[in-house]
Each structure stands twice: as structure tokens, then as C-alpha cells.
$ cat upload.pdb   # PDB, C-alpha atoms
ATOM      1  CA  MET M   1       0.000   0.000   0.000  1.00  0.00           C
ATOM      2  CA  LYS M   2       1.250   3.480  -0.856  1.00  0.00           C
ATOM      3  CA  ILE M   3      -0.058   6.474   1.102  1.00  0.00           C
ATOM      4  CA  GLN M   4       0.627  10.117   0.324  1.00  0.00           C
ATOM      5  CA  ILE M   5      -0.610  12.903   2.604  1.00  0.00           C
ATOM      6  CA  ARG M   6      -0.269  16.569   1.657  1.00  0.00           C
ATOM      7  CA  LYS M   7      -1.175  19.306   4.132  1.00  0.00           C
ATOM      8  CA  GLU M   8      -1.037  23.048   3.425  1.00  0.00           C
ATOM      9  CA  GLY M   9      -1.810  25.610   6.101  1.00  0.00           C
ATOM     10  CA  GLY M  10      -5.310  25.305   7.520  1.00  0.00           C
ATOM     11  CA  LYS M  11      -6.679  23.358   4.556  1.00  0.00           C
ATOM     12  CA  PRO M  12      -7.779  19.740   5.056  1.00  0.00           C
ATOM     13  CA  ALA M  13      -5.039  17.235   4.286  1.00  0.00           C
ATOM     14  CA  GLU M  14      -5.234  15.657   0.824  1.00  0.00           C
ATOM     15  CA  ILE M  15      -4.738  11.894   0.912  1.00  0.00           C
ATOM     16  CA  GLU M  16      -3.925   9.515  -1.942  1.00  0.00           C
ATOM     17  CA  VAL M  17      -3.913   5.795  -1.292  1.00  0.00           C
ATOM     18  CA  THR M  18      -2.884   3.086  -3.747  1.00  0.00           C
ATOM     19  CA  ARG M  19      -3.191  -0.622  -3.031  1.00  0.00           C
ATOM     20  CA  ASP M  20      -2.499  -3.082  -5.803  1.00  0.00           C
ATOM     21  CA  ASP M  21      -4.721  -1.888  -8.670  1.00  0.00           C
ATOM     22  CA  GLU M  22      -7.075   0.179  -6.467  1.00  0.00           C
ATOM     23  CA  SER M  23      -6.651   3.848  -5.577  1.00  0.00           C
ATOM     24  CA  TRP M  24      -8.509   6.465  -3.568  1.00  0.00           C
ATOM     25  CA  SER M  25      -8.173  10.224  -3.375  1.00  0.00           C
ATOM     26  CA  VAL M  26      -9.884  11.904  -0.398  1.00  0.00           C
ATOM     27  CA  ASN M  27      -9.310  14.696   2.073  1.00  0.00           C
ATOM     28  CA  GLU M  28      -9.092  14.246   5.841  1.00  0.00           C
ATOM     29  CA  ASN M  29     -12.817  15.010   6.205  1.00  0.00           C
ATOM     30  CA  GLU M  30     -13.773  12.166   3.832  1.00  0.00           C
ATOM     31  CA  LEU M  31     -12.060   9.212   5.517  1.00  0.00           C
ATOM     32  CA  ASP M  32     -15.372   7.340   5.580  1.00  0.00           C
ATOM     33  CA  LYS M  33     -14.986   6.903   1.799  1.00  0.00           C
ATOM     34  CA  LEU M  34     -11.955   4.645   2.369  1.00  0.00           C
ATOM     35  CA  PRO M  35     -12.273   0.889   2.871  1.00  0.00           C
ATOM     36  CA  ASP M  36     -12.516  -0.211   6.506  1.00  0.00           C
ATOM     37  CA  ASP M  37      -9.158  -2.006   6.365  1.00  0.00           C
ATOM     38  CA  VAL M  38      -7.368   1.074   4.956  1.00  0.00           C
ATOM     39  CA  ARG M  39      -8.857   3.787   7.163  1.00  0.00           C
ATOM     40  CA  PRO M  40      -6.985   2.926  10.421  1.00  0.00           C
ATOM     41  CA  HIS M  41      -3.621   3.306   8.660  1.00  0.00           C
ATOM     42  CA  ILE M  42      -4.567   6.766   7.413  1.00  0.00           C
ATOM     43  CA  GLU M  43      -5.942   7.834  10.790  1.00  0.00           C
ATOM     44  CA  ARG M  44      -2.688   6.804  12.488  1.00  0.00           C
ATOM     45  CA  MET M  45      -0.622   8.676   9.918  1.00  0.00           C
ATOM     46  CA  LEU M  46      -2.773  11.796  10.223  1.00  0.00           C
ATOM     47  CA  GLY M  47      -2.397  11.627  13.988  1.00  0.00           C
ATOM     48  CA  ALA M  48       1.389  11.359  13.687  1.00  0.00           C
ATOM     49  CA  ALA M  49       1.455  14.316  11.319  1.00  0.00           C
ATOM     50  CA  THR M  50      -0.365  16.541  13.809  1.00  0.00           C
ATOM     51  CA  ARG M  51       1.973  15.910  16.751  1.00  0.00           C
ATOM     52  CA  PRO M  52       5.416  17.377  17.278  1.00  0.00           C
ATOM     53  CA  GLY M  53       8.012  14.935  16.002  1.00  0.00           C
ATOM     54  CA  GLY M  54       5.274  12.891  14.361  1.00  0.00           C
ATOM     55  CA  ALA M  55       6.178   9.901  16.521  1.00  0.00           C
ATOM     56  CA  VAL M  56       2.776   8.885  17.837  1.00  0.00           C
ATOM     57  CA  GLY M  57      -0.733   8.964  16.496  1.00  0.00           C
ATOM     58  CA  ILE M  58      -3.959  10.181  18.024  1.00  0.00           C
ATOM     59  CA  PRO M  59      -5.502   7.496  20.216  1.00  0.00           C
ATOM     60  CA  PRO M  60      -8.802   6.163  18.930  1.00  0.00           C
ATOM     61  CA  GLU M  61     -11.962   7.690  20.365  1.00  0.00           C
ATOM     62  CA  GLY M  62     -12.747   6.151  23.726  1.00  0.00           C
ATOM     63  CA  PHE M  63      -9.130   5.120  24.272  1.00  0.00           C
ATOM     64  CA  ARG M  64      -8.293   4.793  27.957  1.00  0.00           C
ATOM     65  CA  LEU M  65      -4.982   3.987  29.569  1.00  0.00           C
ATOM     66  CA  PRO M  66      -4.943   0.814  31.654  1.00  0.00           C
ATOM     67  CA  ASP M  67      -5.638   1.473  35.333  1.00  0.00           C
ATOM     68  CA  ALA M  68      -2.029   0.692  36.236  1.00  0.00           C
ATOM     69  CA  ALA M  69      -0.770   3.369  33.827  1.00  0.00           C
ATOM     70  CA  GLN M  70      -3.301   5.896  35.143  1.00  0.00           C
ATOM     71  CA  ASP M  71      -2.215   5.109  38.714  1.00  0.00           C
ATOM     72  CA  TRP M  72       1.418   5.548  37.688  1.00  0.00           C
ATOM     73  CA  GLY M  73       0.685   8.921  36.071  1.00  0.00           C
ATOM     74  CA  SER M  74      -1.231  10.025  39.147  1.00  0.00           C
ATOM     75  CA  MET M  75       1.663   8.955  41.377  1.00  0.00           C
ATOM     76  CA  ILE M  76       4.154  10.955  39.277  1.00  0.00           C
ATOM     77  CA  GLU M  77       1.928  14.026  39.438  1.00  0.00           C
ATOM     78  CA  LYS M  78       1.739  13.756  43.225  1.00  0.00           C
ATOM     79  CA  ARG M  79       5.526  13.397  43.448  1.00  0.00           C
ATOM     80  CA  PHE M  80       6.023  16.552  41.353  1.00  0.00           C
ATOM     81  CA  GLU M  81       3.597  18.464  43.565  1.00  0.00           C
ATOM     82  CA  GLU M  82       5.513  17.323  46.661  1.00  0.00           C
ATOM     83  CA  MET M  83       8.849  18.324  45.082  1.00  0.00           C
ATOM     84  CA  ASN M  84       7.445  21.768  44.257  1.00  0.00           C
ATOM     85  CA  ARG M  85       6.287  22.189  47.871  1.00  0.00           C
ATOM     86  CA  ARG M  86       9.756  21.238  49.102  1.00  0.00           C
ATOM     87  CA  ILE M  87      11.432  23.648  46.690  1.00  0.00           C
ATOM     88  CA  ASP M  88       9.139  26.448  47.855  1.00  0.00           C
ATOM     89  CA  ARG M  89      10.231  25.795  51.470  1.00  0.00           C
ATOM     90  CA  LEU M  90      13.963  25.958  50.687  1.00  0.00           C
ATOM     91  CA  PRO M  91      15.666  29.005  52.177  1.00  0.00           C
ATOM     92  CA  ASN M  92      16.461  31.794  49.756  1.00  0.00           C
ATOM     93  CA  PRO M  93      20.249  32.277  49.814  1.00  0.00           C
ATOM     94  CA  LEU M  94      19.828  35.916  48.769  1.00  0.00           C
ATOM     95  CA  GLU M  95      17.440  36.753  51.605  1.00  0.00           C
ATOM     96  CA  GLY M  96      19.058  39.381  53.815  1.00  0.00           C
ATOM     97  CA  ARG M  97      21.992  39.846  51.453  1.00  0.00           C
ATOM     98  CA  ARG M  98      20.088  42.260  49.269  1.00  0.00           C
ATOM     99  CA  GLU M  99      19.761  44.657  52.194  1.00  0.00           C
ATOM    100  CA  PHE M 100      23.449  44.214  52.988  1.00  0.00           C
ATOM    101  CA  LEU M 101      24.468  44.936  49.392  1.00  0.00           C
ATOM    102  CA  LYS M 102      22.293  48.075  49.335  1.00  0.00           C
ATOM    103  CA  SER M 103      24.047  49.415  52.411  1.00  0.00           C
ATOM    104  CA  VAL M 104      27.534  48.913  50.979  1.00  0.00           C
TER     105      VAL M 104
END
$ encode --input "upload.pdb" --output "C-alpha cells"
Amino acid sequence: MKIQIRKEGGKPAEIEVTRDDESWSVNENELDKLPDDVRPHIERMLGAATRPGGAVGIPPEGFRLPDAAQDWGSMIEKRFEEMNRRIDRLPNPLEGRREFLKSV
């Protein structure tokens, strides 16, 4: 299968797909015109094209991380919040020195 995607500015992406002796030419708003077995490939590629680095696609609608991954993400977020609280409590090494420098 050969897939070409062209995107210019805010216009919908133009997509050309060739598989064996079949071909389709649609834009990103007409993906329903593609065969069911071709559409997921295009959707993944369009997702990759819209993200920085193009490394990952857009998850399918209704996609949900496994509970373990959600718990892990929640744990990391809590750890960052705790680190930020600790950083905020660190003494400021410049405190008091500003007044001293002004008097000199």
C-alpha cells in the first residue's frame, strides 16, 4: 500500500492511497470513503502528522490507559507536587543579602 498525505496551512489534508490496482483520493474530512481495512492506517498517519516529532498517532476515540498506567501517572503528578512544595520551602540564599548589598 502506498499512502501520500499533503497538508497546506489550515486546509484539510489531501490523501492519496494506492493498493495493488485500487486507488482512492480523499481529504481528511472524507475518511469514511476509504475501505474499513485502509482507514486505520490513514488515521494513524494523520495523527502522527499533527503531533510534534510525528512519533505517535492520536488514540482512537474512547481510548483509555490501563488502570495501572493511570495510577502511575497520578503517582508521578503527586511526586512533582511534593517536590514543588519542598522547593518552595527551601531558604532563599539571597534573603538578607540584598539589604546588605544596598548598604555597601
$ atom_distance --input "upload.pdb" --atom1 "CA of Met1 (chain M)" --atom2 "CA of Ile15 (chain M)"
12.8 Å
$ closest_residue --input "upload.pdb" --among "M:Glu82, M:Glu8, M:Glu95, M:Glu16" --to "Leu34 (chain M)" --atoms "only C-alpha atoms"
M:Glu16
$ atom_distance --input "upload.pdb" --atom1 "CA of His41 (chain M)" --atom2 "CA of Lys11 (chain M)"
20.7 Å
$ atom_distance --input "upload.pdb" --atom1 "CA of Glu77 (chain M)" --atom2 "CA of Gly47 (chain M)"
25.9 Å
$ closest_residue --input "upload.pdb" --among "M:Thr18, M:Ser74, M:Asn92, M:Ser103" --to "Lys2 (chain M)" --atoms "only C-alpha atoms"
M:Thr18
$ closest_residue --input "upload.pdb" --among "M:Ala13, M:Val26, M:Leu94, M:Ile87" --to "Leu46 (chain M)" --atoms "only C-alpha atoms"
M:Ala13
$ resolve_selection --input "upload.pdb" --expression "the PyMOL selection byres ((chain M and resi 28) around 12)" --output "list in words"
Gln4, Ile5, Arg6, Lys7, Gly10, Lys11, Pro12, Ala13, Glu14, Ile15, Glu16, Ser25, Val26, Asn27, Asn29, Glu30, Leu31, Asp32, Lys33, Leu34, Arg39, Ile42, Glu43, Arg44, Met45, Leu46, Gly47 and Ala49 of chain M
$ write_last_selection --input "upload.pdb" --atoms "C-alpha atoms" --output "short mmCIF file (atom, residue, chain, number, x, y, z; two decimals), in the coordinates of the input"
data_model
loop_
_atom_site.label_atom_id
_atom_site.label_comp_id
_atom_site.auth_asym_id
_atom_site.auth_seq_id
_atom_site.Cartn_x
_atom_site.Cartn_y
_atom_site.Cartn_z
CA GLN M 4 0.63 10.12 0.32
CA ILE M 5 -0.61 12.90 2.60
CA ARG M 6 -0.27 16.57 1.66
CA LYS M 7 -1.18 19.31 4.13
CA GLY M 10 -5.31 25.30 7.52
CA LYS M 11 -6.68 23.36 4.56
CA PRO M 12 -7.78 19.74 5.06
CA ALA M 13 -5.04 17.24 4.29
CA GLU M 14 -5.23 15.66 0.82
CA ILE M 15 -4.74 11.89 0.91
CA GLU M 16 -3.92 9.52 -1.94
CA SER M 25 -8.17 10.22 -3.38
CA VAL M 26 -9.88 11.90 -0.40
CA ASN M 27 -9.31 14.70 2.07
CA ASN M 29 -12.82 15.01 6.20
CA GLU M 30 -13.77 12.17 3.83
CA LEU M 31 -12.06 9.21 5.52
CA ASP M 32 -15.37 7.34 5.58
CA LYS M 33 -14.99 6.90 1.80
CA LEU M 34 -11.96 4.64 2.37
CA ARG M 39 -8.86 3.79 7.16
CA ILE M 42 -4.57 6.77 7.41
CA GLU M 43 -5.94 7.83 10.79
CA ARG M 44 -2.69 6.80 12.49
CA MET M 45 -0.62 8.68 9.92
CA LEU M 46 -2.77 11.80 10.22
CA GLY M 47 -2.40 11.63 13.99
CA ALA M 49 1.46 14.32 11.32
#
